[in-house]
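Chemist: Quick one, entry-v8.txt (compact mmCIF, C-alpha atoms):
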```
# COMPACT_ATOMS: atom_id res chain seq x y z
CA MET A 1 0.00 0.00 0.00
CA SER A 2 1.35 3.43 -0.92
CA ALA A 3 2.09 6.10 1.68
CA ILE A 4 -0.91 8.17 0.58
CA SER A 5 -3.36 5.23 0.71
CA LYS A 6 -2.08 4.42 4.18
CA ALA A 7 -2.43 8.07 5.22
CA CYS A 8 -6.01 8.11 3.86
CA GLU A 9 -7.00 5.05 5.90
CA GLN A 10 -5.45 6.40 9.06
CA ALA A 11 -6.87 9.89 8.45
CA ARG A 12 -10.37 8.44 8.12
CA ALA A 13 -10.01 6.11 11.10
CA GLU A 14 -8.74 8.86 13.41
CA TRP A 15 -10.49 11.69 11.55
CA LYS A 16 -7.26 13.58 10.98
CA PRO A 17 -7.27 15.14 7.49
CA GLU A 18 -3.88 16.66 8.22
CA LEU A 19 -2.34 13.21 7.78
CA ILE A 20 -3.29 13.36 4.09
CA ILE A 21 -2.30 17.02 3.71
CA GLU A 22 1.21 16.19 4.98
CA GLN A 23 1.60 13.73 2.11
CA ILE A 24 0.65 16.14 -0.70
CA PRO A 25 3.35 18.68 -1.63
CA TYR A 26 0.90 21.03 -3.41
CA ALA A 27 -1.34 21.07 -0.31
CA ARG A 28 1.63 22.15 1.80
CA LEU A 29 2.56 24.80 -0.79
CA LEU A 30 -0.90 26.38 -0.54
CA GLY A 31 -0.92 25.92 3.24
CA ILE A 32 -4.42 24.41 3.32
CA GLU A 33 -5.83 23.47 6.73
CA THR A 34 -9.04 21.84 7.91
CA HIS A 35 -11.53 22.56 10.64
CA ASN A 36 -14.31 20.31 11.96
CA MET A 37 -17.65 21.60 13.12
CA GLY A 38 -20.06 18.84 13.96
CA ASP A 39 -20.08 16.57 10.96
CA GLU A 40 -19.07 19.35 8.59
CA LEU A 41 -15.50 19.45 7.34
CA PHE A 42 -14.35 22.97 6.55
CA PHE A 43 -11.24 23.75 4.54
CA VAL A 44 -9.23 26.85 5.34
CA LEU A 45 -6.73 28.78 3.25
CA PRO A 46 -4.88 30.98 5.77
CA PRO A 47 -3.65 34.32 4.39
CA SER A 48 -0.16 33.89 2.96
CA LYS A 49 1.98 35.91 0.59
CA GLY A 50 2.60 32.76 -1.42
CA ASN A 51 -1.00 32.82 -2.66
CA VAL A 52 -1.09 36.48 -3.67
CA GLY A 53 -1.53 37.36 -7.34
CA ASN A 54 -2.05 41.10 -7.14
CA PRO A 55 0.17 42.86 -4.58
CA THR A 56 -1.45 46.30 -4.82
CA LEU A 57 -4.91 45.27 -3.54
CA PRO A 58 -3.63 42.74 -2.24
CA ALA A 59 -5.68 39.92 -3.78
CA LEU A 60 -5.31 36.16 -3.90
CA HIS A 61 -4.32 34.68 -7.26
CA GLY A 62 -7.31 33.23 -9.12
CA GLY A 63 -5.25 30.11 -9.64
CA ALA A 64 -4.62 29.77 -5.91
CA ILE A 65 -8.37 30.08 -5.26
CA GLY A 66 -9.15 27.55 -8.00
CA GLY A 67 -6.44 25.23 -6.66
CA PHE A 68 -7.80 25.58 -3.12
CA LEU A 69 -11.31 24.64 -4.31
CA GLU A 70 -10.08 21.65 -6.31
CA LEU A 71 -7.87 20.47 -3.48
CA SER A 72 -10.69 20.90 -0.94
CA ALA A 73 -12.97 18.79 -3.13
CA SER A 74 -10.42 16.02 -3.51
CA LEU A 75 -9.53 16.01 0.21
CA HIS A 76 -13.25 15.92 1.03
CA LEU A 77 -13.58 12.80 -1.12
CA MET A 78 -10.52 11.18 0.43
CA MET A 79 -12.00 11.75 3.88
CA THR A 80 -15.55 10.65 3.10
CA LEU A 81 -15.21 7.84 0.53
CA PRO A 82 -13.46 4.54 1.17
CA THR A 83 -11.13 5.30 -1.75
CA GLN A 84 -7.70 3.75 -2.07
CA VAL A 85 -6.62 6.13 -4.80
CA THR A 86 -6.13 9.88 -5.04
CA PRO A 87 -9.26 11.16 -6.82
CA LYS A 88 -8.40 12.22 -10.36
CA VAL A 89 -9.95 15.49 -11.51
CA VAL A 90 -11.75 15.21 -14.87
CA ASP A 91 -13.09 18.72 -15.14
CA ILE A 92 -13.58 21.75 -12.96
CA SER A 93 -15.52 24.94 -13.49
CA VAL A 94 -14.86 27.94 -11.26
CA ASP A 95 -16.95 31.13 -10.96
CA TYR A 96 -15.10 34.05 -9.41
CA VAL A 97 -17.78 36.21 -7.86
CA ARG A 98 -15.89 38.43 -5.39
CA PRO A 99 -12.23 39.37 -5.02
CA GLY A 100 -10.21 37.03 -2.81
CA ARG A 101 -8.63 39.18 -0.13
CA LEU A 102 -5.61 38.41 2.02
CA GLU A 103 -7.82 36.99 4.78
CA PRO A 104 -8.70 33.43 5.76
CA LEU A 105 -10.74 31.76 3.02
CA TYR A 106 -13.16 28.99 4.06
CA ALA A 107 -14.58 26.25 1.89
CA LEU A 108 -17.25 23.61 2.24
CA CYS A 109 -17.87 20.79 -0.23
CA THR A 110 -21.04 18.93 -1.16
CA VAL A 111 -21.08 15.63 -2.99
CA VAL A 112 -23.87 16.16 -5.50
CA ARG A 113 -23.73 12.69 -6.92
CA GLN A 114 -21.57 9.71 -6.25
CA GLY A 115 -21.49 7.16 -9.00
CA ARG A 116 -19.42 4.00 -9.19
CA LYS A 117 -16.56 5.71 -11.01
CA LEU A 118 -17.38 9.41 -11.12
CA VAL A 119 -18.26 11.84 -8.38
CA ASN A 120 -19.76 15.30 -8.86
CA VAL A 121 -18.73 17.76 -6.14
CA SER A 122 -19.68 21.38 -5.61
CA VAL A 123 -17.57 23.74 -3.52
CA ASN A 124 -18.27 27.15 -2.07
CA CYS A 125 -15.70 29.46 -0.50
CA TRP A 126 -16.03 32.73 1.42
CA HIS A 127 -14.25 35.10 3.80
CA LYS A 128 -16.80 36.31 6.33
CA THR A 129 -20.14 34.72 5.58
CA ARG A 130 -21.16 31.71 3.57
CA ASP A 131 -23.75 33.78 1.72
CA GLU A 132 -21.07 36.01 0.27
CA SER A 133 -19.12 33.60 -1.88
CA VAL A 134 -15.69 34.54 -3.13
CA ALA A 135 -15.82 31.69 -5.63
CA THR A 136 -17.83 28.58 -6.33
CA ALA A 137 -16.81 25.50 -8.23
CA ARG A 138 -18.16 22.26 -9.46
CA ALA A 139 -15.97 19.38 -10.46
CA HIS A 140 -16.00 15.77 -11.55
CA PHE A 141 -13.50 13.30 -10.13
CA LEU A 142 -12.67 9.73 -11.08
CA VAL A 143 -12.43 7.65 -7.94
CA ASP A 144 -12.06 4.25 -9.54
CA MET B 1 -6.39 49.92 -31.36
CA ALA B 2 -4.81 47.47 -28.97
CA VAL B 3 -2.15 48.66 -26.58
CA ASP B 4 1.52 48.48 -27.69
CA ILE B 5 2.61 44.84 -27.31
CA VAL B 6 5.95 45.95 -25.85
CA LEU B 7 4.08 47.39 -22.87
CA VAL B 8 2.13 44.15 -22.44
CA LYS B 9 5.38 42.18 -22.51
CA LYS B 10 6.80 44.48 -19.86
CA LEU B 11 3.70 44.19 -17.70
CA SER B 12 3.71 40.41 -17.94
CA LYS B 13 7.36 40.28 -16.92
CA LEU B 14 6.73 42.70 -14.07
CA MET B 15 3.76 40.63 -12.92
CA VAL B 16 5.72 37.40 -12.48
CA THR B 17 8.92 38.95 -11.11
CA ALA B 18 8.01 42.03 -9.05
CA ASN B 19 6.56 40.56 -5.88
CA LYS B 20 9.05 38.04 -4.45
CA GLY B 21 7.44 35.07 -2.76
CA ASP B 22 3.99 35.58 -4.31
CA HIS B 23 1.99 32.90 -6.14
CA PHE B 24 3.85 33.45 -9.43
CA HIS B 25 7.15 32.76 -7.66
CA GLN B 26 5.72 29.81 -5.75
CA LEU B 27 4.84 28.20 -9.07
CA GLY B 28 7.81 29.51 -11.07
CA LEU B 29 5.52 30.78 -13.86
CA GLU B 30 7.20 32.34 -16.91
CA PHE B 31 5.93 34.09 -20.02
CA THR B 32 7.51 32.70 -23.18
CA HIS B 33 5.61 34.55 -25.93
CA MET B 34 3.23 37.46 -26.15
CA GLU B 35 1.35 38.86 -29.11
CA THR B 36 -1.87 40.84 -29.43
CA GLY B 37 -4.62 38.36 -28.59
CA ALA B 38 -2.39 35.44 -27.63
CA CYS B 39 -0.02 34.40 -24.90
CA GLU B 40 2.31 31.48 -24.14
CA MET B 41 3.71 30.43 -20.78
CA ARG B 42 5.76 27.77 -19.03
CA LEU B 43 5.25 26.07 -15.69
CA PRO B 44 8.55 24.41 -14.75
CA TYR B 45 8.19 20.98 -13.16
CA SER B 46 8.78 21.01 -9.44
CA GLU B 47 8.24 18.40 -6.76
CA ARG B 48 6.57 21.12 -4.69
CA LEU B 49 3.65 21.16 -7.13
CA VAL B 50 2.92 17.46 -6.92
CA GLY B 51 -0.69 16.55 -6.18
CA ASN B 52 -0.34 12.80 -6.25
CA PRO B 53 2.77 11.62 -4.39
CA ASP B 54 2.34 8.07 -5.75
CA THR B 55 2.83 9.21 -9.33
CA GLY B 56 4.61 12.59 -9.06
CA VAL B 57 1.91 14.21 -11.22
CA VAL B 58 1.48 17.98 -10.79
CA HIS B 59 -1.74 19.07 -9.03
CA GLY B 60 -4.52 20.51 -11.20
CA GLY B 61 -4.46 23.70 -9.12
CA ALA B 62 -1.06 24.63 -10.55
CA ILE B 63 -2.45 24.09 -14.06
CA THR B 64 -5.47 26.26 -13.16
CA ALA B 65 -3.09 29.06 -12.15
CA LEU B 66 -1.09 28.58 -15.38
CA LEU B 67 -4.15 28.71 -17.63
CA ASP B 68 -5.86 31.51 -15.70
CA THR B 69 -2.74 33.66 -15.98
CA CYS B 70 -2.14 32.77 -19.63
CA CYS B 71 -5.74 33.41 -20.73
CA GLY B 72 -5.89 36.58 -18.61
CA MET B 73 -2.77 38.07 -20.13
CA ALA B 74 -3.95 37.21 -23.65
CA CYS B 75 -7.10 39.23 -22.82
CA ALA B 76 -5.10 42.12 -21.35
CA SER B 77 -3.20 42.34 -24.66
CA VAL B 78 -6.33 43.29 -26.61
CA LEU B 79 -7.29 46.19 -24.31
CA GLU B 80 -6.91 49.78 -25.55
CA ASP B 81 -4.54 50.62 -22.71
CA ILE B 82 -2.16 48.75 -20.43
CA GLY B 83 -4.15 46.98 -17.72
CA LEU B 84 -5.60 43.75 -16.44
CA THR B 85 -8.84 41.79 -16.81
CA PRO B 86 -10.32 40.12 -13.72
CA THR B 87 -11.32 36.47 -14.20
CA MET B 88 -15.08 35.95 -14.31
CA ASP B 89 -15.07 32.18 -14.70
CA LEU B 90 -13.06 29.36 -16.12
CA ARG B 91 -13.58 25.74 -16.96
CA ILE B 92 -10.79 23.23 -17.29
CA ASP B 93 -11.09 19.78 -18.85
CA TYR B 94 -8.30 17.37 -18.04
CA MET B 95 -7.84 14.95 -20.91
CA GLY B 96 -4.70 13.42 -19.55
CA VAL B 97 -2.01 13.74 -16.96
CA ALA B 98 1.20 15.66 -17.49
CA GLU B 99 4.14 13.29 -17.45
CA PRO B 100 6.02 13.70 -14.14
CA GLY B 101 9.28 15.60 -14.51
CA GLN B 102 8.12 17.47 -17.61
CA ASP B 103 7.57 21.22 -17.76
CA ILE B 104 4.02 22.19 -18.69
CA TYR B 105 3.43 24.78 -21.42
CA ALA B 106 0.31 26.79 -22.11
CA ARG B 107 -1.05 28.73 -25.04
CA ALA B 108 -4.10 30.97 -24.84
CA ASP B 109 -6.01 32.88 -27.51
CA VAL B 110 -8.73 35.49 -27.27
CA TYR B 111 -11.49 34.39 -29.63
CA ARG B 112 -13.91 37.19 -28.96
CA SER B 113 -13.70 40.56 -27.34
CA SER B 114 -16.98 42.27 -26.55
CA GLN B 115 -17.95 45.47 -24.79
CA SER B 116 -18.03 43.94 -21.30
CA VAL B 117 -16.47 40.49 -21.57
CA LEU B 118 -13.35 38.97 -23.13
CA PHE B 119 -13.58 35.33 -24.20
CA ALA B 120 -10.44 33.20 -24.19
CA ARG B 121 -9.51 29.59 -24.64
CA GLY B 122 -6.29 27.85 -23.81
CA ARG B 123 -4.55 24.53 -23.58
CA ALA B 124 -1.76 23.05 -21.53
CA TYR B 125 0.67 20.48 -22.91
CA THR B 126 4.13 19.01 -22.49
CA LYS B 127 6.87 19.40 -25.09
CA GLY B 128 6.40 17.25 -28.17
CA GLN B 129 2.80 16.52 -27.15
CA GLU B 130 1.23 19.71 -28.50
CA ASP B 131 -1.46 17.65 -30.27
CA ARG B 132 -2.37 15.78 -27.11
CA PRO B 133 -2.96 18.53 -24.54
CA VAL B 134 -3.08 17.70 -20.85
CA ALA B 135 -5.91 20.19 -20.40
CA HIS B 136 -8.22 22.48 -22.32
CA CYS B 137 -9.59 25.66 -20.83
CA ILE B 138 -12.34 28.14 -21.57
CA ALA B 139 -12.17 31.32 -19.56
CA ASN B 140 -14.10 34.60 -19.58
CA PHE B 141 -12.71 37.86 -18.27
CA ILE B 142 -14.25 41.17 -17.29
CA ARG B 143 -13.50 44.29 -19.29
CA LEU B 144 -13.09 47.04 -16.69
CA ASP B 145 -14.85 50.37 -17.17
CA GLU B 146 -12.86 52.88 -19.19
CA GLU B 147 -12.25 55.10 -16.17
CA VAL B 148 -11.04 52.20 -14.00
CA LEU B 149 -8.73 50.99 -16.76
CA LYS B 150 -7.33 54.49 -17.16
CA ASN B 151 -6.48 54.64 -13.46
CA LEU B 152 -4.90 51.21 -13.58
CA SER B 153 -2.80 52.20 -16.61
CA GLU B 154 -1.58 55.29 -14.83
CA GLN B 155 -0.59 53.16 -11.85
CA PHE B 156 1.32 50.68 -14.01
CA ARG B 157 3.09 52.99 -16.46
CA PRO B 158 5.77 54.40 -14.11
CA PHE B 159 6.89 50.84 -13.25
CA LEU B 160 7.05 49.64 -16.85
CA ASP B 161 9.85 51.97 -17.98
CA ALA B 162 12.40 50.14 -15.85
CA VAL B 163 11.42 46.66 -17.06
CA GLU B 164 13.85 45.19 -19.58
CA ILE B 165 12.58 42.62 -22.05
CA ASP B 166 14.16 40.68 -24.90
CA GLU B 167 12.62 41.97 -28.08
```
Could you rewrite the structure in this file as structure tokens?
Modeler:
Amino acid sequence: MSAISKACEQARAEWKPELIIEQIPYARLLGIETHNMGDELFFVLPPSKGNVGNPTLPALHGGAIGGFLELSASLHLMMTLPTQVTPKVVDISVDYVRPGRLEPLYALCTVVRQGRKLVNVSVNCWHKTRDESVATARAHFLVD
Amino acid sequence: MAVDIVLVKKLSKLMVTANKGDHFHQLGLEFTHMETGACEMRLPYSERLVGNPDTGVVHGGAITALLDTCCGMACASVLEDIGLTPTMDLRIDYMGVAEPGQDIYARADVYRSSQSVLFARGRAYTKGQEDRPVAHCIANFIRLDEEVLKNLSEQFRPFLDAVEIDE
């Protein structure tokens, strides 16, 4: 069993998503964190210069926001499905509705449909309130 | 009339080099070609960008940043003055995985520029595999109001003089 599959199993058993995050270099680069509230798993992108795209505002890079949403979706699947593999993204669509500021960004994922091979996930992210999205995404992942 | 391409080249270089430690530096993004309505970039392979440690494949998020930047700059090149175009939305289709260890290249073209929105499409590929892209992208960008663009241009211009580019 690979290190990441092992980490997934342990992360699910002990409910410690950070065990998976430690194994993914890109997740460490973004600095993604998680936060549990009841049975909801929140993803957090703490403010960091490394995710800034426009220094004058300053604003988060659209790619960092998109990457955060995609990564949140795939970590959500790794924590909630009994998958042995890293979910493979097939497509992702991101709507940027408000500027991403240099403040904590929170995300919550919803599995819209789980098929045998493909999963459809939607993700919302915001700074202050869930009703004021910074960006939303929907994506398909292969989990076979 | 689109803005002088030399200014766009300078702005693109400034964008990826000016702010040490920002997301452009984290990813190592580089512009390789710029013309009015089109842009080409390179994302050097790095282990820090890996999304799947079993395979060494780069995470899609890095490719999103590459294509967002590439499509966005292609759109900026068709504006009347030097400036930027905020991303409205983008969709990326991953047809394959980029071979681990290989740099990823991107090319973006503006296929329509309207009064309020700029429409771009792009693709990401590895060298020698131009016909089999790793990802396709469709992205739409906002055309800022004339007044806002004018202010942005005035902010940028003083910095552009000092930027040296290879013609």
Chemist: Nearest to Lys88 of chain A: which of A:Glu18, A:Glu40, A:Asp131, A:Glu70 is it, counting only C-alpha atoms?
Modeler: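 Ranking A:Glu18, A:Glu40, A:Asp131, A:Glu70 by distance to Lys88 of chain A, first place goes to A:Glu70.
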Chemist: Please indicate the distance in Å from atom CA of Leu66 of chain B to atom CA of Val94 of chain A, rounded to one decimal place.
Modeler: 14.4 Å
Chemist: Within 7 Å of Leu43 of chain B, counting all atoms listed in the file, which residues qualify if same-chain residues fewer than 2 places away don't, as a PyMOL selection string?
Modeler: chain B and resi 27-30+41+45+66+103-105
Chemist: Could you jot down the atom CA of Ile92 of chain A to atom CA of Ala137 of chain A separation for me, Å, one decimal place?
Modeler: 6.8 Å
Chemist: Between B:Thr126, B:Asn140, B:Thr85, B:Ser114, which is the closest to Arg42 of chain B once you count only C-alpha atoms?
Modeler: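 Going through B:Thr126, B:Asn140, B:Thr85, B:Ser114 one by one, the smallest distance to Arg42 of chain B is for B:Thr126.
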Chemist: At what distance in Å, to one decimal, does atom CA of Ile63 of chain B lie from atom CA of Arg121 of chain B?
Modeler: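 Straight-line distance from atom CA of Arg121 of chain B to atom CA of Ile63 of chain B works out to 13.9 Å.
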Chemist: For chain A, which of B:His136, B:Arg107, B:Arg112, B:Lys13 is the closest residue, counting only C-alpha atoms?
Modeler: B:His136
Chemist: Excluding Lys128 of chain A and its own-chain neighbours fewer than 5 positions away, which residues fall within 12 Å of it when counting all atoms listed in the file? Please give them as a list in words.
Modeler: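 Listing them by chain and then by number gives Arg98, Gly100, Arg101, Glu103, Pro104, Leu105, Tyr106, Ala107, Ser133 and Val134 of chain A.
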Chemist: Specify as a PyMOL selection string all residues of chain A found within 10 Å of chain B, counting all atoms listed in the file.
Modeler: chain A and resi 2-5+23-30+48-56+60-71+85-99+135-140
Chemist: Write out as a VMD selection string which residues come within 12 Å of Phe159 of chain B when counting all atoms listed in the file, dropping same-chain ones fewer than 5 positions away.
Modeler: chain B and resid 7 10 to 15 18 82 152 to 154 164
Chemist: Compare B:Cys39, B:Ile142, B:Ala98, B:Met34 by their minimum atom-to-atom distance to Gly128 of chain B, counting all atoms listed in the file, and give me the closest one.
Modeler: B:Ala98
Chemist: Take the point (-15.4, 12.7, -7.6) in the file's coordinates, draw a sphere of radius 8 Å around it, and report as a list in words every protein, DNA or RNA residue with an atom inside or on it, counting only C-alpha atoms.
Modeler: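 Residues with an atom close enough to that point: Ala73, Ser74, Leu77, Pro87, Lys88, Val89, Val111, Gln114, Lys117, Leu118, Val119, Asn120, Val121, Ala139, His140, Phe141, Leu142 and Val143 of chain A.
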Chemist: List the spatial neighbours of Met79 of chain A as a list of chain:residue names - criterion: any atom at most 9 Å away, only C-alpha atoms, same-chain residues fewer than 5 positions off excluded.
Modeler: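 Surrounding residues, per the criterion: A:Cys8, A:Glu9, A:Ala11, A:Arg12, A:Trp15, A:Lys16, A:Pro17, A:Ile20, A:Ser74.
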Chemist: Looking at B:Pro158, B:Gly83, B:Gly101, B:Gly122, which one is nearest to Cys71 of chain B, with distances taken over all atoms listed in the file?
Modeler: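 Smallest separation from Cys71 of chain B among the options: B:Gly122.
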